[in-house]
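K.L.:
Below is one structure. I have some questions about it.
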Amino acid sequence: MLFEQLNLIEPILRALKTEGYTSPTPIQEQSIPMILQGRDLLGCAQTGTGKTAAFAIPMLQILHERKMAGSNNKGIKALILTPTRELAIQIDESFAAYGKHLNLKHLVIFGGVSQQPQTNALRNGVDILIATPGRLLDLVEQRFINLAHLELFVLDEADRMLDMGFIHDVKKIITKIPAKRQTLFFSATMPTEIAKLSSTILNNPAKVEVTPVSSTAETIQQSVYFVQKENKKHLLVHLLKDAAIRSVLVFTRTKHGADKVVKDLSRNGISAEAIHGNKSQNARQRALGNFKSGQTRVLVATDIAARGIDVDNLSHVINFELPNVPETYVHRIGRTGRAGASGIAFSFCDMEEKEFLRDIQKLIANTVPVVTEHPYAMSDISLAAFPSQPKRPAQNQRQQNNRRSFRGGDPRRYNGQQTANRGK
């Protein structure tokens with residue numbers, strides 16, 4: 001199928017052509033017609049499936065056509081709520097790209113920066129607002145934002161909202177928007193609390209499910225290196241001696257760990273920068289810009305900060321530390337192998353992380369190949385026995401217990417193919 005077959009207007013088709021888009025991804029093909037019909041939508045799709053375009057394109061068309069029809073709505077007409085600054089910025093860039101030939105104003109707001117430029121833009125009028133929950137509520141309470149005339153509402157990355165403790169803010173925001181509206185709800189996973197929330201804010205929604213979160217792209221070559229914790233930094237430097245690793249996104253569990261990895265790499269003459277919540281917004285955007293341009297070879301990130309990072313032709317992802325929530329592994333390695341391209345994902349596993357690796361392999365219903373030929377190989381690579389681990393935090397344990405697909409089944413039973421697509 002081509003975008004021309006989705007009844008899109010010429011200005012949007014022209015913008016898509018400029019972006020190099022010809023054929024919609026599965027979630028775009030299924031979602032766009034439903035949204036154009038005015039249906040509420042419940043979408044389950046992981047990163048890299050093209051869901052931003054799946055809601056941005058039809059929203060732009062709906063708002064443009066209403067404006068051309070003489071709508072007298074002068075307020076904010078559409079709100080996209082998203083958990084992180086990086087993802088908010090990426091979504092705003094997508095609206096700018098797809099709507100470049102339309103007379104619609106869009107604005108992104110988030111915390112961590114001065115609110116004055118944002119409030120100045122709000123005074124000039126905004127059609128589409130992309131926001132993180134905290135700054136949005138703050139500006140609503142200061143009466144800079146009025147959501148009373150909202151027509152379209154998107155809740156993006158709902159499961160990440162729950163992970164980050166934003167769920168109560170989301171519920172507050174929902175009380176401030178009109179009951180009569182079109183709502184689009186997207187989440188990569190459906191823990192119980194998210195499923196309950198969706199049932200309270202959606203009206204007879206169309207349902208689109210694209211690739212359960214338990215699956216990884218076949219275009220991504222995965223491997224695991226068993227290595228003692230103290231040798232991980234040495235193994236990372238060893239691997240980066242390979243010039244074929246042009247750009248690599250390295251994941252750590254903590255902000256301190258990210259900074260430490262950057263220092264170790266810099267001492268070895270490898271250009272690296274960190275991106276995490278303790279960095280200023282300007283520093284984060286500068287690091288991301290340097291990475292996208294190729295000036296920085298290695299970007300070291302925590303999971304929350306990396307949400308929304310979309311880098312074309314990212315060749316490698318390295319899990320310096322394995323995540324203790326197995327779905328996070330799928331999200332991490334999904335940063336490479338996008339748009340049908342091939343990608344490579346390395347994971348370092350020490351003694352204490354064997355349990356995490358076992359959970360990951362159960363989730364993806366596959367065994368990650370082990371690389372044994374490296375200078376820091378650990379002799380014990382068995383997952384049959386591992387030391388007792390401290391009990392996981394309650395929130396993470398709930399996620400383990402509540403892992404469900406739309407149909408209520410265990411996602412470990414799914415082993416479907418992922419359509420790897422550009423994440424815009």
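By convention here, the chains of the structure tokens are called A, B, ... in the order presented, each chain's residues are numbered starting at 1, and ligands are numbered starting at 1 in the order presented.
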Can you tell me, as a ChimeraX atom specification, what residues are no more than 8 Å from Phe186 in chain A when counting only C-alpha atoms, ignoring any on the same chain fewer than 4 positions away?
P.N.:
/A:42-45,154-158
K.L.:
So, with only C-alpha atoms as the atoms that count, which of A:Ser31, A:Thr22, A:Gln285, A:Gln228 lies closest to Pro58 in chain A?
P.N.:
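Comparing A:Ser31, A:Thr22, A:Gln285, A:Gln228 against Pro58 in chain A, the winner is A:Ser31.
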K.L.:
Can you pull out every residue from range 31-123 of chain A that DSSP, working from the backbone, puts in strand (DSSP E), and format the result as a list of chain:residue names?
P.N.:
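Of range 31-123 of chain A, only A:Leu41, A:Leu42, A:Gly43, A:Cys44, A:Ala45, A:Ala78, A:Leu79, A:Ile80, A:Leu81, A:His106, A:Leu107, A:Val108, A:Ile109 fall in strand (DSSP E).
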K.L.:
Export N, CA and C atoms of the chosen residues as a PDB file, in the first residue's frame?
P.N.:
```
ATOM      1  N   LEU A  41      -8.982   5.495  19.461  1.00  0.00           N
ATOM      2  CA  LEU A  41      -8.105   4.401  19.064  1.00  0.00           C
ATOM      3  C   LEU A  41      -7.241   3.951  20.228  1.00  0.00           C
ATOM      4  N   LEU A  42      -7.127   2.649  20.371  1.00  0.00           N
ATOM      5  CA  LEU A  42      -6.253   2.029  21.369  1.00  0.00           C
ATOM      6  C   LEU A  42      -5.164   1.296  20.606  1.00  0.00           C
ATOM      7  N   GLY A  43      -3.939   1.808  20.675  1.00  0.00           N
ATOM      8  CA  GLY A  43      -2.844   1.235  19.915  1.00  0.00           C
ATOM      9  C   GLY A  43      -1.796   0.607  20.805  1.00  0.00           C
ATOM     10  N   CYS A  44      -1.402  -0.603  20.480  1.00  0.00           N
ATOM     11  CA  CYS A  44      -0.320  -1.270  21.202  1.00  0.00           C
ATOM     12  C   CYS A  44       0.822  -1.478  20.219  1.00  0.00           C
ATOM     13  N   ALA A  45       1.884  -0.720  20.404  1.00  0.00           N
ATOM     14  CA  ALA A  45       3.004  -0.799  19.467  1.00  0.00           C
ATOM     15  C   ALA A  45       4.278  -0.366  20.154  1.00  0.00           C
ATOM     16  N   ALA A  78      -5.561  20.417  19.926  1.00  0.00           N
ATOM     17  CA  ALA A  78      -5.018  19.067  20.060  1.00  0.00           C
ATOM     18  C   ALA A  78      -3.910  19.059  21.107  1.00  0.00           C
ATOM     19  N   LEU A  79      -3.903  18.018  21.924  1.00  0.00           N
ATOM     20  CA  LEU A  79      -2.882  17.844  22.966  1.00  0.00           C
ATOM     21  C   LEU A  79      -2.276  16.462  22.837  1.00  0.00           C
ATOM     22  N   ILE A  80      -0.954  16.408  22.747  1.00  0.00           N
ATOM     23  CA  ILE A  80      -0.231  15.134  22.784  1.00  0.00           C
ATOM     24  C   ILE A  80       0.561  15.115  24.081  1.00  0.00           C
ATOM     25  N   LEU A  81       0.246  14.181  24.937  1.00  0.00           N
ATOM     26  CA  LEU A  81       0.896  14.061  26.238  1.00  0.00           C
ATOM     27  C   LEU A  81       1.897  12.919  26.170  1.00  0.00           C
ATOM     28  N   HIS A 106       2.100  24.661  16.047  1.00  0.00           N
ATOM     29  CA  HIS A 106       2.341  23.631  17.059  1.00  0.00           C
ATOM     30  C   HIS A 106       3.433  24.116  17.997  1.00  0.00           C
ATOM     31  N   LEU A 107       3.383  23.627  19.225  1.00  0.00           N
ATOM     32  CA  LEU A 107       4.341  24.046  20.251  1.00  0.00           C
ATOM     33  C   LEU A 107       4.651  22.868  21.149  1.00  0.00           C
ATOM     34  N   VAL A 108       5.919  22.746  21.549  1.00  0.00           N
ATOM     35  CA  VAL A 108       6.314  21.728  22.510  1.00  0.00           C
ATOM     36  C   VAL A 108       6.696  22.413  23.816  1.00  0.00           C
ATOM     37  N   ILE A 109       6.198  21.883  24.940  1.00  0.00           N
ATOM     38  CA  ILE A 109       6.552  22.420  26.252  1.00  0.00           C
ATOM     39  C   ILE A 109       7.001  21.280  27.160  1.00  0.00           C
TER      40      ILE A 109
END
```
K.L.:
Under the rule that only C-alpha atoms are counted, which of A:Gln222, A:Asn73, A:Thr82, A:Ser114 is the nearest residue to Glu151 in chain A?
P.N.:
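For Glu151 in chain A, the nearest of the candidates is A:Asn73.
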K.L.:
Please, what distance in Å, to one decimal, runs between CA of Gln118 in chain A and CA of Glu19 in chain A?
P.N.:
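CA of Glu19 in chain A lies 27.4 Å from CA of Gln118 in chain A.
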K.L.:
Please determine, counting only C-alpha atoms, which residue among A:Asn124, A:Ser347, A:Thr183, A:Thr175 has the shortest atom-to-atom distance to Lys74 in chain A.
P.N.:
A:Asn124
K.L.:
Quick one: pick out all alpha helix (DSSP H) residues within range 189-329 of chain A from a backbone DSSP run and write them as number ranges by chain.
P.N.:
A: 192-201, 232-239, 255-267, 281-293, 303-306, 326-329
K.L.:
Of the candidates A:Phe55, A:Thr219, A:Ala69, A:Gly38, which one gets nearest to Gly334 in chain A if we count only C-alpha atoms?
P.N.:
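Among A:Phe55, A:Thr219, A:Ala69, A:Gly38, it is A:Thr219 that comes nearest to Gly334 in chain A.
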K.L.:
Pick out the residues sitting within 10 Å of Leu236 in chain A, and hand them over as a list in words; count only C-alpha atoms, and ignore anything fewer than 6 positions along from it in its own chain.
P.N.:
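Result of the neighbour search: Val250, Val261, Asp264, Leu265, Ile318, Phe320, Phe346 and Phe348 of chain A.
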K.L.:
For a quick check of understanding, using only C-alpha atoms, which of A:Val170, A:Leu314, A:Ile76, A:Ala274 has the smallest distance to Val300 in chain A?
P.N.:
A:Ala274
K.L.:
Check the smallest atom-to-atom distance from each of A:Leu16, A:Arg143, A:Ile364, A:Ala206 to Leu36 in chain A using only C-alpha atoms, then report the winner.
P.N.:
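Closest to Leu36 in chain A, using only C-alpha atoms: A:Ala206.
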